[in-house]
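One file, query-v6.cif, is given below (mmCIF, C-alpha atoms).
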data_start
loop_
_atom_site.label_atom_id
_atom_site.label_comp_id
_atom_site.auth_asym_id
_atom_site.auth_seq_id
_atom_site.Cartn_x
_atom_site.Cartn_y
_atom_site.Cartn_z
CA ALA A 1 188.18 120.02 249.96
CA ALA A 2 191.76 119.40 248.90
CA MET A 3 190.82 119.85 245.24
CA GLU A 4 189.17 123.19 246.03
CA ILE A 5 192.30 124.40 247.80
CA PHE A 6 195.21 122.86 245.89
CA ILE A 7 194.21 122.60 242.21
CA PRO A 8 195.73 125.62 240.42
CA ALA A 9 193.10 128.05 239.28
CA LYS A 10 192.41 131.44 237.80
CA ILE A 11 191.16 133.74 240.58
CA VAL A 12 188.11 135.87 239.80
CA GLU A 13 186.13 138.38 241.82
CA GLY A 14 182.50 137.81 242.72
CA VAL A 15 179.69 140.32 243.08
CA THR A 16 179.99 143.34 245.35
CA LEU A 17 178.81 142.66 248.89
CA LYS A 18 176.91 145.10 251.10
CA ASN A 19 180.19 146.09 252.72
CA GLY A 20 181.64 147.08 249.33
CA THR A 21 184.16 144.23 249.00
CA LYS A 22 184.31 141.62 246.27
CA LEU A 23 185.21 138.10 247.34
CA LYS A 24 187.73 136.11 245.32
CA TYR A 25 186.95 132.64 243.99
CA PRO A 26 189.23 130.00 242.43
CA MET A 27 187.86 128.80 239.11
CA ASN A 28 189.03 125.18 239.29
CA GLY A 29 185.61 123.53 239.15
CA LEU A 30 186.09 121.74 235.83
CA ALA A 31 189.36 120.15 236.95
CA ALA A 32 187.76 119.13 240.26
CA PHE A 33 184.73 117.74 238.39
CA VAL A 34 186.96 115.61 236.14
CA LEU A 35 189.05 114.36 239.10
CA SER A 36 185.85 113.60 241.02
CA HIS A 37 185.04 111.16 238.23
CA LEU A 38 188.50 109.75 237.59
CA VAL A 39 189.20 108.86 241.22
CA PRO A 40 186.11 106.66 241.75
CA TYR A 41 186.57 105.13 238.29
CA ALA A 42 190.18 104.22 239.20
CA PHE A 43 189.04 102.82 242.56
CA CYS A 44 186.52 100.61 240.74
CA TRP A 45 189.06 99.59 238.08
CA PHE A 46 191.55 98.46 240.74
CA GLY A 47 188.84 96.69 242.75
CA LEU A 48 188.99 98.98 245.78
CA ILE A 49 185.23 99.68 245.63
CA ASP A 50 182.33 98.29 243.63
CA PRO A 51 180.80 100.50 240.91
CA TYR A 52 177.48 100.30 242.78
CA PHE A 53 179.07 101.35 246.10
CA ILE A 54 176.84 104.42 246.52
CA TRP A 55 173.69 102.43 245.72
CA SER A 56 174.53 99.70 248.22
CA ASN A 57 175.53 102.16 250.97
CA MET A 58 172.95 104.89 250.41
CA GLY A 59 171.40 104.47 253.86
CA ALA A 60 174.72 104.97 255.63
CA LEU A 61 175.70 107.83 253.32
CA LEU A 62 172.39 109.65 253.90
CA THR A 63 172.62 109.12 257.66
CA GLY A 64 176.19 110.43 257.71
CA GLY A 65 175.18 113.38 255.55
CA VAL A 66 172.32 114.37 257.86
CA ILE A 67 174.52 114.09 260.95
CA LEU A 68 177.28 116.13 259.29
CA ALA A 69 174.80 118.80 258.14
CA LYS A 70 173.36 119.17 261.65
CA LEU A 71 176.83 119.42 263.20
CA MET A 72 177.96 121.94 260.56
CA ALA A 73 174.86 124.07 261.14
CA LEU A 74 175.46 123.99 264.90
CA TRP A 75 179.13 124.91 264.46
CA LEU A 76 178.24 127.78 262.08
CA TYR A 77 175.56 129.00 264.49
CA ILE A 78 178.06 129.08 267.35
CA ASP A 79 181.22 130.28 265.54
CA PHE A 80 179.73 132.72 263.01
CA GLY A 81 176.56 133.51 265.00
CA LEU A 82 177.07 133.66 268.75
CA LEU A 83 180.79 134.47 268.40
CA TRP A 84 180.34 136.80 265.40
CA TRP A 85 182.82 139.42 266.68
CA ARG A 86 185.67 137.02 265.93
CA HIS A 87 185.01 137.56 262.21
CA VAL A 88 184.65 141.35 261.96
CA ASP A 89 188.05 141.63 260.22
CA ASP A 90 187.17 138.97 257.62
CA PRO A 91 186.59 140.50 254.16
CA GLU A 92 183.25 138.70 253.84
CA PHE A 93 181.87 140.04 257.14
CA GLU A 94 178.70 142.13 256.81
CA GLU A 95 176.85 144.15 259.42
CA ASP A 96 173.89 141.77 259.56
CA TRP A 97 175.96 138.70 260.45
CA GLY A 98 175.54 137.00 263.76
CA VAL A 99 172.86 136.25 266.31
CA PHE A 100 170.96 139.37 267.35
CA HIS A 101 168.47 137.66 269.66
CA VAL A 102 168.94 134.15 271.04
CA SER A 103 165.13 133.88 271.06
CA GLU A 104 165.39 133.52 267.25
CA CYS A 105 167.75 130.53 267.51
CA ILE A 106 165.51 128.17 265.50
CA ASN A 107 165.31 130.62 262.61
CA ASP A 108 169.04 131.40 262.77
CA TYR A 109 170.02 127.72 263.01
CA PHE A 110 168.06 126.67 259.92
CA LEU A 111 168.43 129.79 257.77
CA GLY A 112 171.98 130.62 258.78
CA VAL A 113 173.76 133.52 260.41
CA CYS A 114 176.25 134.37 257.64
CA ARG A 115 176.15 134.32 253.87
CA ASN A 116 179.74 133.51 252.92
CA PRO A 117 181.50 131.61 255.70
CA ARG A 118 185.18 131.20 254.84
CA LEU A 119 188.10 129.53 256.57
CA PHE A 120 191.91 129.70 256.58
CA HIS A 121 192.26 133.44 255.87
CA ARG A 122 195.81 133.48 257.23
CA TRP A 123 197.09 130.54 255.20
CA LEU A 124 195.38 130.71 251.81
CA GLU A 125 195.45 133.38 249.12
CA VAL A 126 191.74 132.71 248.61
CA PRO A 127 190.04 131.55 251.84
CA PHE A 128 188.12 128.27 251.72
CA ASP A 129 184.47 129.12 251.02
CA LEU A 130 182.26 126.63 252.88
CA LYS A 131 179.01 127.46 251.09
CA ARG A 132 180.55 127.20 247.63
CA PHE A 133 182.32 123.96 248.54
CA TRP A 134 179.30 122.16 250.03
CA ASN A 135 177.03 123.20 247.17
CA ALA A 136 179.40 122.40 244.31
CA ARG A 137 181.53 119.46 245.43
CA PRO A 138 179.66 117.00 247.67
CA GLY A 139 176.30 118.41 246.61
CA LEU A 140 176.23 118.69 242.83
CA THR A 141 179.22 116.56 241.87
CA LEU A 142 178.21 113.70 244.16
CA TRP A 143 174.73 113.83 242.59
CA VAL A 144 176.29 112.98 239.22
CA VAL A 145 178.55 110.25 240.62
CA ALA A 146 175.57 108.79 242.54
CA ASN A 147 173.59 108.63 239.27
CA GLN A 148 176.41 106.63 237.73
CA SER A 149 176.51 104.30 240.72
CA TYR A 150 172.77 103.69 240.38
CA ILE A 151 173.22 102.90 236.69
CA ALA A 152 175.94 100.42 237.70
CA ALA A 153 173.49 98.90 240.19
CA MET A 154 170.97 98.44 237.35
CA TYR A 155 173.69 97.00 235.11
CA PHE A 156 174.66 94.42 237.74
CA GLY A 157 171.00 93.64 238.60
CA CYS A 158 171.35 94.77 242.20
CA HIS A 159 168.45 94.34 244.60
CA LEU A 160 167.87 94.20 248.34
CA THR A 161 167.38 90.80 249.95
CA ALA A 162 164.69 90.11 252.54
CA ASP A 163 167.06 91.09 255.35
CA GLY A 164 167.92 94.42 253.62
CA GLN A 165 171.33 93.44 252.28
CA ALA A 166 172.46 94.48 248.80
CA GLN A 167 172.92 91.62 246.37
CA CYS A 168 174.33 92.06 242.88
CA ALA A 169 175.20 89.74 240.00
CA ALA A 170 178.84 89.01 239.25
CA THR A 171 178.41 90.10 235.62
CA GLY A 172 176.48 92.96 234.13
CA ASP A 173 173.90 93.22 231.38
CA TRP A 174 173.03 96.46 229.58
CA SER A 175 169.48 95.22 228.95
CA ARG A 176 168.78 95.90 232.66
CA VAL A 177 169.60 99.60 232.29
CA SER A 178 166.70 101.70 231.11
CA TYR A 179 167.07 104.32 228.42
CA GLY A 180 165.31 106.83 230.67
CA ALA A 181 167.87 106.36 233.45
CA CYS A 182 170.71 107.00 231.01
CA VAL A 183 169.02 110.15 229.65
CA VAL A 184 168.41 111.53 233.14
CA ALA A 185 171.98 110.70 234.24
CA PHE A 186 173.43 112.38 231.15
CA ALA A 187 171.19 115.44 231.60
CA HIS A 188 172.34 115.77 235.23
CA TRP A 189 175.95 115.22 234.19
CA TYR A 190 175.78 117.93 231.52
CA TYR A 191 173.99 120.35 233.86
CA ILE A 192 176.75 120.04 236.47
CA PHE A 193 179.52 119.94 233.84
CA ASP A 194 178.20 123.28 232.52
CA TYR A 195 177.80 124.68 236.06
#
Take the structure in the file and give it back as structure tokens.
Amino acid sequence: AAMEIFIPAKIVEGVTLKNGTKLKYPMNGLAAFVLSHLVPYAFCWFGLIDPYFIWSNMGALLTGGVILAKLMALWLYIDFGLLWWRHVDDPEFEEDWGVFHVSECINDYFLGVCRNPRLFHRWLEVPFDLKRFWNARPGLTLWVVANQSYIAAMYFGCHLTADGQAQCAATGDWSRVSYGACVVAFAHWYYIFDY
């Protein structure tokens, strides 16, 4: 989130919304993408984390992700749905935001009650766009970094022991890494790089 907010960027306008406004977006994705690679690489280089950290902690990361997604959806449902009138002065507010009938809570919870939820209007020139952030940073960029972690797990011959613990060799061997895995990882990397 800090990269989205603090990396200098050219500001561009998006498409016209129903209410006639155009939202502004910082175009700092490439810099954030590069930093999202350099930081984990540096952590691995200095021994702070293992290169296969994501592979060996995937269960905990997925569990944390599901819990966070459910809490975020609940918060968005309450703040932007049930309490929609608090956002009528936000530039991204549209007339069909909010909860119209509580009887449709399941639909509203899973499909959402607002299209462009943004935060920190008073403090930032361009408010923090939650949808853009969650899709681009932890979603797409983490996908690429996770691919690289899985390749590292292949390189170090990682496997799960009988009690479910990750075990990896002290040294790596490129013969363990399949060509197909490298092609898929590069294709994903290029797709997100070009995003």
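Between Leu140 (chain A) and the candidates A:His159, A:Arg115, A:His37, A:His188, the tightest atom-to-atom separation, counting all atoms listed in the file, involves A:His188.
The protein and nucleic acid residues lying at most 6 Å from region 25-30 of chain A are A:Ala9, A:Lys10, A:Ile11, A:Val12, with all atoms listed in the file considered and sequence neighbours fewer than 5 positions away removed.
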Region 190-192 of chain A environment, 12 Å, all atoms listed in the file, sequence neighbours closer than 5 positions dropped, as a PyMOL selection string: chain A and resi 29-30+32-34+135-145+183-185
Near-Arg176 (chain A) list (10 Å; all atoms listed in the file; drop same-chain fewer than 5 positions) as a PyMOL selection string: chain A and resi 151-158
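For the point (196.0, 127.9, 251.8), the residues with at least one atom inside 12 Å, counting only C-alpha atoms, are Ala1, Ala2, Met3, Glu4, Ile5, Phe6, Ile7, Pro8, Pro26, Arg118, Leu119, Phe120, His121, Arg122, Trp123, Leu124, Glu125, Val126, Pro127, Phe128 and Asp129 of chain A.
Of the residues listed (A:Ser36, A:Lys24, A:Asn19, A:Leu71), A:Asn19 shows the shortest atom-to-atom separation from Asp96 (chain A); distances use all atoms listed in the file.
When the PyMOL selection byres ((chain A and resi 83-92) around 8) is run on the displayed coordinates, the residues it returns are Leu17, Thr21, Leu23, Ile78, Asp79, Phe80, Gly81, Leu82, Phe93, Glu94, Trp97, Gly98, Val99, Asn116, Pro117, Arg118 and His121 of chain A.
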